[in-house]
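As stored in run05.txt (compact mmCIF, C-alpha atoms):
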```
# COMPACT_ATOMS: atom_id res chain seq x y z
CA MET A 579 -3.67 -19.10 10.13
CA LYS A 580 -6.69 -19.97 12.30
CA THR A 581 -6.28 -20.89 15.97
CA LYS A 582 -7.61 -24.41 15.43
CA GLU A 583 -5.12 -25.01 12.64
CA LEU A 584 -2.28 -23.82 14.87
CA ILE A 585 -3.35 -26.24 17.59
CA ILE A 586 -3.50 -29.12 15.10
CA ILE A 587 0.05 -28.35 13.99
CA GLY A 588 1.03 -28.10 17.66
CA ALA A 589 -0.32 -31.58 18.27
CA LEU A 590 1.81 -32.93 15.42
CA LEU A 591 4.86 -31.09 16.73
CA SER A 592 4.39 -32.64 20.15
CA VAL A 593 4.44 -36.02 18.48
CA THR A 594 7.37 -35.52 16.11
CA GLY A 595 9.36 -32.49 17.03
CA THR A 596 11.14 -33.59 20.18
CA GLY A 597 12.16 -37.08 19.36
CA TRP A 598 13.95 -38.00 16.17
CA ALA A 599 17.42 -36.78 17.03
CA SER A 600 17.42 -37.70 20.72
CA GLY A 601 19.83 -39.97 22.50
CA PHE A 602 22.80 -39.45 20.24
CA GLY A 603 25.98 -40.62 21.88
CA ILE A 604 27.11 -44.16 22.60
CA SER A 605 30.25 -43.69 24.66
CA GLY A 606 33.24 -45.84 23.90
CA LYS A 607 33.73 -47.86 20.75
CA SER A 608 36.07 -50.47 22.23
CA ALA A 609 36.87 -52.13 25.55
CA SER A 610 40.44 -50.80 25.51
CA ASN A 611 39.19 -47.24 24.99
CA LEU A 612 36.41 -47.54 27.56
CA GLY A 613 38.67 -49.05 30.24
CA SER A 614 40.75 -45.88 30.43
CA ALA A 615 37.68 -43.57 30.32
CA PHE A 616 38.44 -42.51 26.71
CA SER A 617 41.77 -40.97 27.74
CA GLY A 618 43.69 -42.76 24.99
CA THR A 619 41.22 -42.13 22.17
CA ALA A 620 43.50 -40.12 19.87
CA VAL A 621 46.88 -41.70 20.66
CA LEU A 622 46.77 -45.41 21.55
CA ALA A 623 47.01 -48.34 19.13
CA GLU A 624 46.21 -51.38 21.26
CA ASP A 625 43.94 -53.28 18.85
CA ALA A 626 41.94 -53.00 15.63
CA SER A 627 39.44 -50.54 17.14
CA VAL A 628 41.81 -47.75 16.01
CA VAL A 629 39.78 -47.85 12.78
CA TYR A 630 37.35 -45.68 14.73
CA THR A 631 39.46 -43.98 17.41
CA ASN A 632 42.22 -42.80 15.06
CA PRO A 633 42.82 -44.42 11.65
CA ALA A 634 46.37 -43.04 11.51
CA ALA A 635 47.28 -45.33 14.44
CA MET A 636 46.73 -48.44 12.28
CA GLN A 637 50.42 -48.01 11.33
CA TYR A 638 51.44 -49.21 14.80
CA LEU A 639 49.76 -52.61 14.30
CA ASP A 640 51.59 -55.53 12.67
CA GLY A 641 50.14 -58.13 10.33
CA GLN A 642 46.39 -58.62 10.40
CA GLN A 643 44.28 -57.95 13.49
CA PHE A 644 40.61 -58.55 14.22
CA SER A 645 38.57 -57.28 17.21
CA ILE A 646 34.97 -58.09 18.06
CA LEU A 647 33.21 -56.75 21.14
CA MET A 648 29.89 -56.39 22.88
CA HIS A 649 28.73 -53.49 25.04
CA SER A 650 26.07 -54.10 27.68
CA ILE A 651 24.60 -50.69 28.53
CA GLY A 652 22.39 -50.58 31.60
CA SER A 653 20.63 -47.40 32.71
CA ASP A 654 18.68 -46.63 35.87
CA LEU A 655 16.51 -43.65 34.96
CA GLN A 656 13.80 -42.46 37.36
CA PHE A 657 11.41 -39.55 36.93
CA GLU A 658 9.81 -37.81 39.94
CA ASP A 659 6.97 -35.40 39.19
CA ASP A 660 6.97 -31.87 40.59
CA GLY A 661 3.91 -30.11 39.22
CA SER A 662 3.22 -31.42 35.71
CA ASN A 663 -0.17 -30.32 34.39
CA THR A 664 -1.14 -33.67 32.85
CA THR A 665 -2.79 -36.63 34.52
CA GLY A 666 -1.08 -39.98 34.81
CA GLY A 667 1.68 -41.51 36.84
CA ALA A 668 5.40 -40.90 37.14
CA SER A 669 7.26 -43.52 35.19
CA THR A 670 10.65 -45.16 35.21
CA SER A 671 12.22 -46.10 31.91
CA VAL A 672 12.93 -49.77 31.29
CA ARG A 673 16.13 -50.81 33.01
CA ASP A 674 16.87 -53.83 30.83
CA PRO A 675 20.36 -53.48 29.30
CA HIS A 676 20.90 -52.71 25.65
CA TYR A 677 23.49 -54.73 23.77
CA VAL A 678 25.67 -53.01 21.17
CA PRO A 679 28.18 -55.04 19.09
CA ASN A 680 31.20 -53.65 17.23
CA LEU A 681 33.64 -55.25 14.80
CA TYR A 682 37.03 -54.08 13.47
CA TYR A 683 39.72 -55.42 11.12
CA VAL A 684 43.20 -54.05 10.27
CA ASN A 685 45.73 -55.33 7.73
CA ASN A 686 49.25 -53.93 7.44
CA LEU A 687 49.77 -53.97 3.67
CA GLY A 688 53.45 -53.04 3.71
CA ASN A 689 54.98 -50.11 1.82
CA ASP A 690 53.93 -47.85 4.72
CA LEU A 691 50.21 -48.53 4.12
CA SER A 692 47.56 -50.15 6.30
CA PHE A 693 43.90 -50.90 5.59
CA GLY A 694 41.09 -51.17 8.10
CA PHE A 695 37.36 -51.72 8.25
CA GLY A 696 34.92 -51.14 11.10
CA ILE A 697 31.26 -51.74 11.86
CA TYR A 698 30.15 -49.82 14.96
CA ALA A 699 27.36 -47.75 16.49
CA PRO A 700 28.34 -44.09 17.05
CA PHE A 701 24.89 -42.98 18.21
CA GLY A 702 21.69 -44.62 19.43
CA LEU A 703 18.67 -44.51 21.70
CA GLY A 704 16.39 -46.91 23.52
CA LEU A 705 13.90 -45.73 26.18
CA ASP A 706 10.43 -47.02 27.06
CA TYR A 707 7.85 -45.46 29.34
CA ASP A 708 4.45 -46.54 30.66
CA ASP A 709 1.64 -45.77 28.22
CA ASP A 710 -0.25 -43.67 30.80
CA TRP A 711 2.61 -41.68 32.34
CA LYS A 712 2.57 -37.87 32.62
CA GLY A 713 4.86 -37.30 29.66
CA ARG A 714 3.02 -39.63 27.27
CA TYR A 715 2.14 -36.80 24.83
CA ILE A 716 5.87 -36.24 24.28
CA THR A 717 6.99 -39.88 24.27
CA THR A 718 6.05 -43.39 25.26
CA GLY A 719 9.01 -45.02 23.56
CA SER A 720 12.04 -44.39 21.36
CA ASP A 721 14.29 -46.81 19.52
CA MET A 722 16.98 -45.44 17.22
CA LYS A 723 19.81 -47.52 15.78
CA ILE A 724 22.68 -45.86 13.92
CA ILE A 725 25.39 -48.02 12.33
CA ASN A 726 28.61 -47.01 10.58
CA PHE A 727 30.33 -49.14 7.93
CA SER A 728 33.80 -47.62 7.69
CA PRO A 729 36.76 -48.55 5.47
CA ALA A 730 40.00 -46.68 6.28
CA LEU A 731 43.62 -46.26 5.14
CA SER A 732 46.74 -45.07 6.97
CA TYR A 733 50.11 -43.96 5.65
CA ARG A 734 53.48 -43.66 7.39
CA ALA A 735 54.62 -40.25 6.19
CA SER A 736 57.85 -40.32 8.22
CA ASP A 737 59.45 -42.05 11.19
CA LYS A 738 57.41 -39.77 13.46
CA LEU A 739 54.26 -38.91 11.52
CA ASN A 740 51.34 -41.16 10.52
CA LEU A 741 48.27 -40.02 8.59
CA GLY A 742 44.85 -41.69 8.28
CA VAL A 743 41.60 -41.28 6.39
CA GLY A 744 38.31 -43.17 6.44
CA VAL A 745 34.89 -43.11 4.78
CA ASP A 746 31.71 -43.59 6.82
CA PHE A 747 28.58 -45.12 5.31
CA GLN A 748 25.93 -44.52 7.97
CA TYR A 749 22.49 -46.09 8.36
CA ILE A 750 19.63 -44.95 10.64
CA ASP A 751 16.59 -47.01 11.64
CA ALA A 752 14.25 -45.17 14.02
CA THR A 753 10.93 -45.88 15.73
CA LEU A 754 9.30 -43.26 17.94
CA GLU A 755 5.96 -43.53 19.76
CA ASN A 756 3.67 -41.07 21.55
CA ALA A 757 0.17 -40.67 22.84
CA VAL A 758 -2.10 -38.07 21.18
CA ASP A 759 -4.39 -35.88 23.28
CA PHE A 760 -7.61 -36.25 21.28
CA GLY A 761 -9.59 -35.22 24.37
CA THR A 762 -8.39 -31.63 24.13
CA LEU A 763 -8.78 -31.55 20.36
CA CYS A 764 -12.30 -32.99 20.42
CA ALA A 765 -13.36 -30.39 22.98
CA LEU A 766 -11.98 -27.66 20.74
CA TYR A 767 -13.89 -28.96 17.72
CA SER A 768 -17.04 -29.88 19.71
CA ALA A 769 -16.61 -33.43 18.48
CA GLY A 770 -17.82 -35.05 21.68
CA PRO A 771 -15.77 -36.84 24.33
CA CYS A 772 -12.63 -38.58 23.05
CA SER A 773 -9.90 -40.60 24.65
CA ASP A 774 -6.18 -40.65 23.98
CA GLY A 775 -4.94 -41.97 20.66
CA SER A 776 -1.49 -43.06 19.63
CA GLN A 777 1.09 -42.21 17.00
CA LYS A 778 4.10 -44.13 15.71
CA LEU A 779 6.86 -42.83 13.49
CA THR A 780 9.22 -45.13 11.64
CA GLY A 781 11.98 -44.03 9.30
CA THR A 782 15.28 -45.01 7.71
CA SER A 783 18.14 -43.21 5.99
CA TRP A 784 21.60 -43.71 4.49
CA ALA A 785 24.26 -40.97 4.58
CA SER A 786 28.02 -40.70 4.23
CA GLY A 787 30.82 -38.88 5.99
CA TYR A 788 34.55 -39.17 6.55
CA SER A 789 37.22 -39.37 9.24
CA LEU A 790 40.78 -38.04 9.42
CA GLY A 791 43.61 -38.75 11.80
CA LEU A 792 47.26 -38.20 12.58
CA THR A 793 49.78 -39.29 15.18
CA TYR A 794 53.16 -37.75 15.88
CA ASP A 795 55.88 -39.27 18.09
CA LEU A 796 57.73 -36.45 19.82
CA ASP A 797 60.20 -39.02 21.14
CA SER A 798 60.25 -42.70 22.08
CA ALA A 799 58.05 -42.01 25.15
CA THR A 800 55.65 -39.23 24.07
CA ARG A 801 52.97 -39.33 21.38
CA LEU A 802 50.51 -36.73 20.19
CA GLY A 803 47.33 -37.61 18.32
CA MET A 804 44.34 -36.01 16.65
CA SER A 805 41.29 -37.52 14.96
CA PHE A 806 38.24 -35.96 13.34
CA HIS A 807 34.86 -37.42 12.39
CA SER A 808 32.75 -35.34 10.04
CA THR A 809 29.09 -34.46 10.32
CA THR A 810 26.62 -36.66 8.46
CA HIS A 811 23.48 -35.20 6.88
CA HIS A 812 20.43 -37.47 6.85
CA ASP A 813 17.20 -37.07 4.90
CA ILE A 814 15.04 -39.53 6.81
CA SER A 815 12.03 -40.97 5.01
CA GLY A 816 9.36 -42.79 6.92
CA GLN A 817 5.75 -43.38 7.85
CA SER A 818 3.52 -41.66 10.40
CA ASP A 819 0.78 -44.03 11.68
CA PHE A 820 -2.04 -42.94 13.99
CA GLY A 821 -4.26 -45.11 16.18
CA GLY A 822 -7.58 -44.24 17.78
CA THR A 823 -8.26 -41.25 15.52
CA PRO A 824 -11.85 -40.03 16.10
CA ALA A 825 -14.14 -40.26 13.06
CA ALA A 826 -14.61 -36.49 12.96
CA PHE A 827 -10.88 -35.91 12.44
CA ALA A 828 -10.53 -38.77 9.98
CA ALA A 829 -13.31 -37.22 7.90
CA MET A 830 -11.35 -33.97 7.80
CA GLY A 831 -8.18 -35.82 6.73
CA MET A 832 -6.38 -35.03 9.98
CA PHE A 833 -4.34 -37.48 12.08
CA THR A 834 -4.41 -40.02 9.27
CA ASP A 835 -1.53 -42.24 8.20
CA THR A 836 0.91 -40.51 5.87
CA ASP A 837 4.49 -40.49 4.69
CA ALA A 838 6.80 -38.12 6.55
CA SER A 839 10.37 -36.91 6.23
CA LEU A 840 12.88 -34.79 8.08
CA SER A 841 16.45 -33.57 7.76
CA LEU A 842 18.94 -34.38 10.51
CA ASP A 843 22.59 -33.38 10.93
CA LEU A 844 24.60 -35.55 13.30
CA PRO A 845 27.52 -33.73 14.92
CA GLU A 846 31.19 -33.84 14.00
CA THR A 847 33.78 -34.64 16.69
CA LEU A 848 37.43 -33.71 17.19
CA ASP A 849 39.74 -35.66 19.53
CA VAL A 850 43.15 -34.38 20.62
CA GLY A 851 45.34 -36.36 22.99
CA ILE A 852 48.76 -37.08 24.42
CA SER A 853 50.36 -40.16 25.96
CA ARG A 854 53.59 -40.46 27.95
CA VAL A 855 55.46 -43.58 29.00
CA ILE A 856 56.52 -42.85 32.59
CA THR A 857 58.20 -46.18 33.36
CA PRO A 858 58.48 -49.42 31.37
CA ARG A 859 55.23 -50.47 33.08
CA LEU A 860 53.27 -47.22 33.41
CA GLN A 861 51.76 -45.09 30.64
CA LEU A 862 49.59 -41.99 31.25
CA MET A 863 47.13 -40.46 28.78
CA ALA A 864 44.94 -37.37 28.46
CA ASP A 865 42.29 -36.57 25.86
CA ALA A 866 39.90 -33.75 24.99
CA THR A 867 36.90 -34.38 22.71
CA TRP A 868 34.92 -31.57 21.10
CA THR A 869 31.42 -32.39 19.80
CA ARG A 870 29.53 -29.91 17.67
CA TRP A 871 26.11 -30.48 19.21
CA SER A 872 25.06 -27.03 17.94
CA ARG A 873 24.31 -28.88 14.67
CA TYR A 874 21.17 -29.94 16.51
CA ASP A 875 19.62 -26.47 16.48
CA GLU A 876 16.24 -27.36 15.03
CA LEU A 877 14.15 -30.15 13.55
CA VAL A 878 12.19 -29.61 10.35
CA VAL A 879 9.47 -32.21 9.71
CA LYS A 880 7.54 -32.44 6.43
CA PHE A 881 4.32 -34.40 5.79
CA ASP A 882 3.04 -35.73 2.48
CA ASN A 883 -0.63 -35.05 3.23
CA ASN A 884 -0.32 -31.25 2.94
CA THR A 885 0.14 -30.73 6.66
CA PRO A 886 2.26 -27.57 7.03
CA THR A 887 5.97 -28.09 7.61
CA SER A 888 6.83 -27.97 11.32
CA THR A 889 10.01 -26.55 12.83
CA THR A 890 11.09 -27.07 16.43
CA LYS A 891 14.03 -25.25 18.00
CA GLN A 892 16.45 -27.29 20.12
CA ASP A 893 19.37 -24.88 20.66
CA TRP A 894 21.90 -27.42 21.91
CA HIS A 895 25.45 -26.16 22.37
CA ASP A 896 28.91 -27.58 21.69
CA THR A 897 30.75 -29.52 24.41
CA TRP A 898 34.25 -30.59 25.43
CA ARG A 899 34.74 -33.96 27.15
CA LEU A 900 37.95 -34.16 29.23
CA SER A 901 39.57 -37.48 30.14
CA VAL A 902 42.68 -38.66 32.00
CA GLY A 903 43.81 -42.21 32.61
CA GLY A 904 46.60 -44.74 32.54
CA ASN A 905 47.76 -48.24 31.62
CA TYR A 906 49.85 -50.42 33.92
CA GLN A 907 51.62 -53.58 32.73
CA LEU A 908 51.23 -55.85 35.74
CA ASN A 909 53.10 -58.76 34.15
CA GLN A 910 53.56 -60.36 30.74
CA ARG A 911 49.94 -61.52 30.67
CA TRP A 912 47.96 -58.71 32.33
CA LEU A 913 47.61 -55.03 31.42
CA LEU A 914 45.47 -52.95 33.79
CA ARG A 915 43.62 -49.75 32.86
CA GLY A 916 41.79 -46.95 34.63
CA GLY A 917 40.56 -43.42 34.10
CA ILE A 918 38.06 -40.67 34.81
CA SER A 919 36.16 -38.39 32.44
CA HIS A 920 34.00 -35.27 32.66
CA ASP A 921 31.35 -35.12 29.90
CA PRO A 922 29.12 -31.99 29.93
CA THR A 923 25.57 -32.08 28.60
CA PRO A 924 24.77 -30.08 25.44
CA ILE A 925 21.21 -29.36 26.66
CA PRO A 926 21.06 -25.67 27.68
CA ASP A 927 18.32 -25.74 30.32
CA ALA A 928 15.31 -27.58 31.79
CA GLN A 929 12.97 -26.11 29.15
CA HIS A 930 14.94 -27.72 26.31
CA ARG A 931 15.31 -31.09 28.04
CA SER A 932 13.11 -33.81 26.54
CA PRO A 933 12.08 -37.10 28.16
CA ARG A 934 13.28 -38.77 24.96
CA VAL A 935 16.81 -37.81 26.02
CA PRO A 936 16.84 -36.40 29.56
CA GLY A 937 20.59 -35.90 29.19
CA THR A 938 22.78 -34.48 31.90
CA THR A 939 26.45 -33.89 32.61
CA ARG A 940 28.18 -37.23 33.20
CA ASN A 941 31.21 -38.01 35.31
CA TRP A 942 32.72 -41.35 34.34
CA VAL A 943 34.84 -43.74 36.40
CA SER A 944 36.34 -46.61 34.40
CA LEU A 945 38.38 -49.74 35.06
CA GLY A 946 39.59 -52.32 32.58
CA GLY A 947 42.23 -54.79 31.62
CA ASN A 948 43.72 -56.94 28.88
CA ALA A 949 44.57 -60.62 29.33
CA GLN A 950 46.98 -62.20 26.82
CA LEU A 951 45.69 -65.72 26.19
CA ASP A 952 48.49 -66.71 23.81
CA LYS A 953 50.63 -65.08 21.13
CA ALA A 954 47.63 -64.64 18.83
CA MET A 955 44.66 -63.95 21.10
CA SER A 956 43.79 -61.61 23.95
CA VAL A 957 40.67 -60.52 25.80
CA ASP A 958 39.77 -57.02 26.98
CA LEU A 959 37.26 -56.29 29.73
CA ALA A 960 36.00 -52.87 30.79
CA LEU A 961 33.58 -51.48 33.36
CA SER A 962 32.53 -47.85 33.20
CA TYR A 963 30.09 -46.14 35.55
CA THR A 964 28.55 -42.67 35.55
CA LEU A 965 28.09 -41.23 39.01
CA PRO A 966 24.43 -40.72 40.03
CA VAL A 967 23.07 -37.31 39.10
CA THR A 968 19.80 -35.41 39.37
CA THR A 969 18.64 -32.99 36.69
CA GLN A 970 15.54 -30.85 36.18
CA ILE A 971 13.00 -30.92 33.36
CA ASP A 972 10.34 -28.29 32.61
CA ASN A 973 9.24 -29.18 29.08
CA THR A 974 6.09 -27.72 27.52
CA ASP A 975 4.82 -28.93 24.15
CA PRO A 976 2.84 -26.80 21.65
CA LEU A 977 -0.49 -28.03 23.07
CA GLY A 978 0.49 -26.79 26.55
CA HIS A 979 1.27 -30.15 28.16
CA ASN A 980 3.91 -29.41 30.77
CA LEU A 981 6.23 -32.10 32.14
CA LYS A 982 7.91 -30.77 35.26
CA GLY A 983 10.04 -32.67 37.69
CA GLU A 984 13.45 -34.24 38.01
CA TYR A 985 15.32 -37.21 36.61
CA LYS A 986 17.72 -39.33 38.60
CA SER A 987 20.07 -41.33 36.43
CA GLU A 988 23.14 -43.53 36.39
CA ILE A 989 24.62 -45.69 33.63
CA LEU A 990 26.78 -48.81 33.71
CA TYR A 991 28.78 -50.07 30.73
CA LEU A 992 30.14 -53.62 30.74
CA THR A 993 32.23 -54.49 27.69
CA ALA A 994 34.03 -57.64 26.58
CA GLN A 995 36.31 -57.74 23.53
CA LEU A 996 38.20 -60.52 21.76
CA ASN A 997 41.33 -59.64 19.78
CA TRP A 998 42.98 -61.98 17.28
CA LYS A 999 46.31 -61.45 15.49
CA PHE A 1000 47.15 -63.53 12.44
```
This structure in structure tokens:
Amino acid sequence: MKTKELIIIGALLSVTGTGWASGFGISGKSASNLGSAFSGTAVLAEDASVVYTNPAAMQYLDGQQFSILMHSIGSDLQFEDDGSNTTGGASTSVRDPHYVPNLYYVNNLGNDLSFGFGIYAPFGLGLDYDDDWKGRYITTGSDMKIINFSPALSYRASDKLNLGVGVDFQYIDATLENAVDFGTLCALYSAGPCSDGSQKLTGTSWASGYSLGLTYDLDSATRLGMSFHSTTHHDISGQSDFGGTPAAFAAMGMFTDTDASLSLDLPETLDVGISRVITPRLQLMADATWTRWSRYDELVVKFDNNTPTSTTKQDWHDTWRLSVGGNYQLNQRWLLRGGISHDPTPIPDAQHRSPRVPGTTRNWVSLGGNAQLDKAMSVDLALSYTLPVTTQIDNTDPLGHNLKGEYKSEILYLTAQLNWKF
């Protein structure tokens, strides 16, 4: 293949190859889970959010229960340049919080069966940068929403053992934006001086997966739990729209609007946990969560206008998140929670880090509580904070644009949840 053709494909890779699968995890699917830093994920049954955390634990809930919650996710993400080879300014992503709702319902059907249904966001992304910043050829903005619609069943197999199963119907809606370096390309093709253009990718997909769970009561004070969420395979179909394409390229049929598609595997997770009642008021929990981020080994993007298929290696690795925490029953009305968690990054090095998801290892500190309003209603509140951290980036795209520097980041989750028993 000719050098010019390789550079054209490189330009498209810099626009599409680093962004679609970025920003996966949304930590915590409930206020009760978040308040103890995820330490009770596989074992606790405090409200209807067990539809996600462990469907087997629905057996511990009586009657019908409904939980609705809202996450406010605020991030302070600052980039400081240290030798990038592109012009432009350092940029800070938008700090406005993102709001993520979740909804769960559980009904104890009797005959050792329970039914549940959940609507929640397991993954997502939302970052915006200045249009003229140094990393604009990789990204100027990303918005990815992923929603699960999940019915589930649980069965009491014995006095000690509960089993659960769920089906996940998952929807993706993604929008990714970049600048395009037409200046370099016009110089290569002797097409005269050109300024930056723009490119916007939009795409949607439906996919399905499943979840499994079990709980086992060793005795009246000690419980073991395990839950598994399968991978989901997405074939995303969308549109690639270019702006500011020079006439010379448009005449050659390059950088013109076209349909595009890619395949994406979201990772499976496995939670294992234990809880122990120490005193009538104090309960301690520990949890380990494995995520198979190695599913995200490459991105394969296909174009409908005969542009060659592009493949970009990511080489993420699997991780284990470790959490410990506790619940303390202060009085009949108030339950207090707290915990800490260590959550390693799957990104192997600075070269594989993308400004779409400048992820880093996170250390969480969480506090929370439950207030019983009456016999039927209660409110959960949770605050979770990741300690400030600095991480390096040295990302070079196929056109040779190098983004080098460091990110400073911290994240704050504020979550409120209403629970209703009826």
**Best match for closeness to Ile989 in chain A among A:Gly937, A:Pro976, A:Pro966, A:Gly667, counting all atoms listed in the file** = A:Pro966
**Item:** Distance query Thr968 in chain A at most 9 Å, only C-alpha atoms, self and fewer than 6 positions along chain excluded, as a ChimeraX atom specification
**Value:** /A:938,984-987
**Close residues, Asp835 in chain A itself excluded, 12 Å, all atoms listed in the file, min 2 positions apart in chain, as a PyMOL selection string** = chain A and resi 776-780+816-823+828+831-833+837-838+881-883+885
Could you write those residues out with C-alpha atoms, as a short mmCIF file (atom, residue, chain, number, x, y, z; two decimals), in the coordinates of the input?
```
data_model
loop_
_atom_site.label_atom_id
_atom_site.label_comp_id
_atom_site.auth_asym_id
_atom_site.auth_seq_id
_atom_site.Cartn_x
_atom_site.Cartn_y
_atom_site.Cartn_z
CA SER A 776 -1.49 -43.06 19.63
CA GLN A 777 1.09 -42.21 17.00
CA LYS A 778 4.10 -44.13 15.71
CA LEU A 779 6.86 -42.83 13.49
CA THR A 780 9.22 -45.13 11.64
CA GLY A 816 9.36 -42.79 6.92
CA GLN A 817 5.75 -43.38 7.85
CA SER A 818 3.52 -41.66 10.40
CA ASP A 819 0.78 -44.03 11.68
CA PHE A 820 -2.04 -42.94 13.99
CA GLY A 821 -4.26 -45.11 16.18
CA GLY A 822 -7.58 -44.24 17.78
CA THR A 823 -8.26 -41.25 15.52
CA ALA A 828 -10.53 -38.77 9.98
CA GLY A 831 -8.18 -35.82 6.73
CA MET A 832 -6.38 -35.03 9.98
CA PHE A 833 -4.34 -37.48 12.08
CA ASP A 837 4.49 -40.49 4.69
CA ALA A 838 6.80 -38.12 6.55
CA PHE A 881 4.32 -34.40 5.79
CA ASP A 882 3.04 -35.73 2.48
CA ASN A 883 -0.63 -35.05 3.23
CA THR A 885 0.14 -30.73 6.66
#
```
**Fill in**
Residue with the minimum atom-to-atom distance to Val758 in chain A, picked from A:Arg854, A:Arg940, A:Lys891, A:His979 with all atoms listed in the file counted, is A:His979
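If you count all atoms listed in the file and draw a sphere of 8 Å around (29.3, -45.5, 34.4), the protein and nucleic acid residues inside it come out as Asn941, Trp942, Val943, Ser944, Leu961, Ser962, Tyr963, Thr964, Leu965, Glu988, Ile989, Leu990 and Tyr991 of chain A.
With all atoms listed in the file as the atoms that count, the minimum distance from Gly946 in chain A to the choices A:Leu766, A:Ile725, A:Leu914, A:Val879 is reached by A:Leu914.
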**Message:** Between CA of Thr810 in chain A and CA of Gly781 in chain A, what distance in Å does the model show, to one decimal?
**Reply:** 16.4 Å
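Excluding Tyr707 in chain A itself and same-chain residues fewer than 5 positions from it, the residues having an atom within 12 Å of it are Leu655, Gln656, Phe657, Gly666, Gly667, Ala668, Ser669, Thr670, Ser671, Val672, Arg673, Lys712, Gly713, Arg714, Tyr715, Ile716, Thr717, Thr718, Gly719, Ser720, Asp721, Leu754, Glu755, Asn756, Ala757, Pro933 and Arg934 of chain A, counting all atoms listed in the file.
Compared by their closest atoms to Gly787 in chain A, and using only C-alpha atoms, the residues A:Thr836, A:Asn997, A:Thr800, A:Thr847 rank with A:Thr847 nearest.
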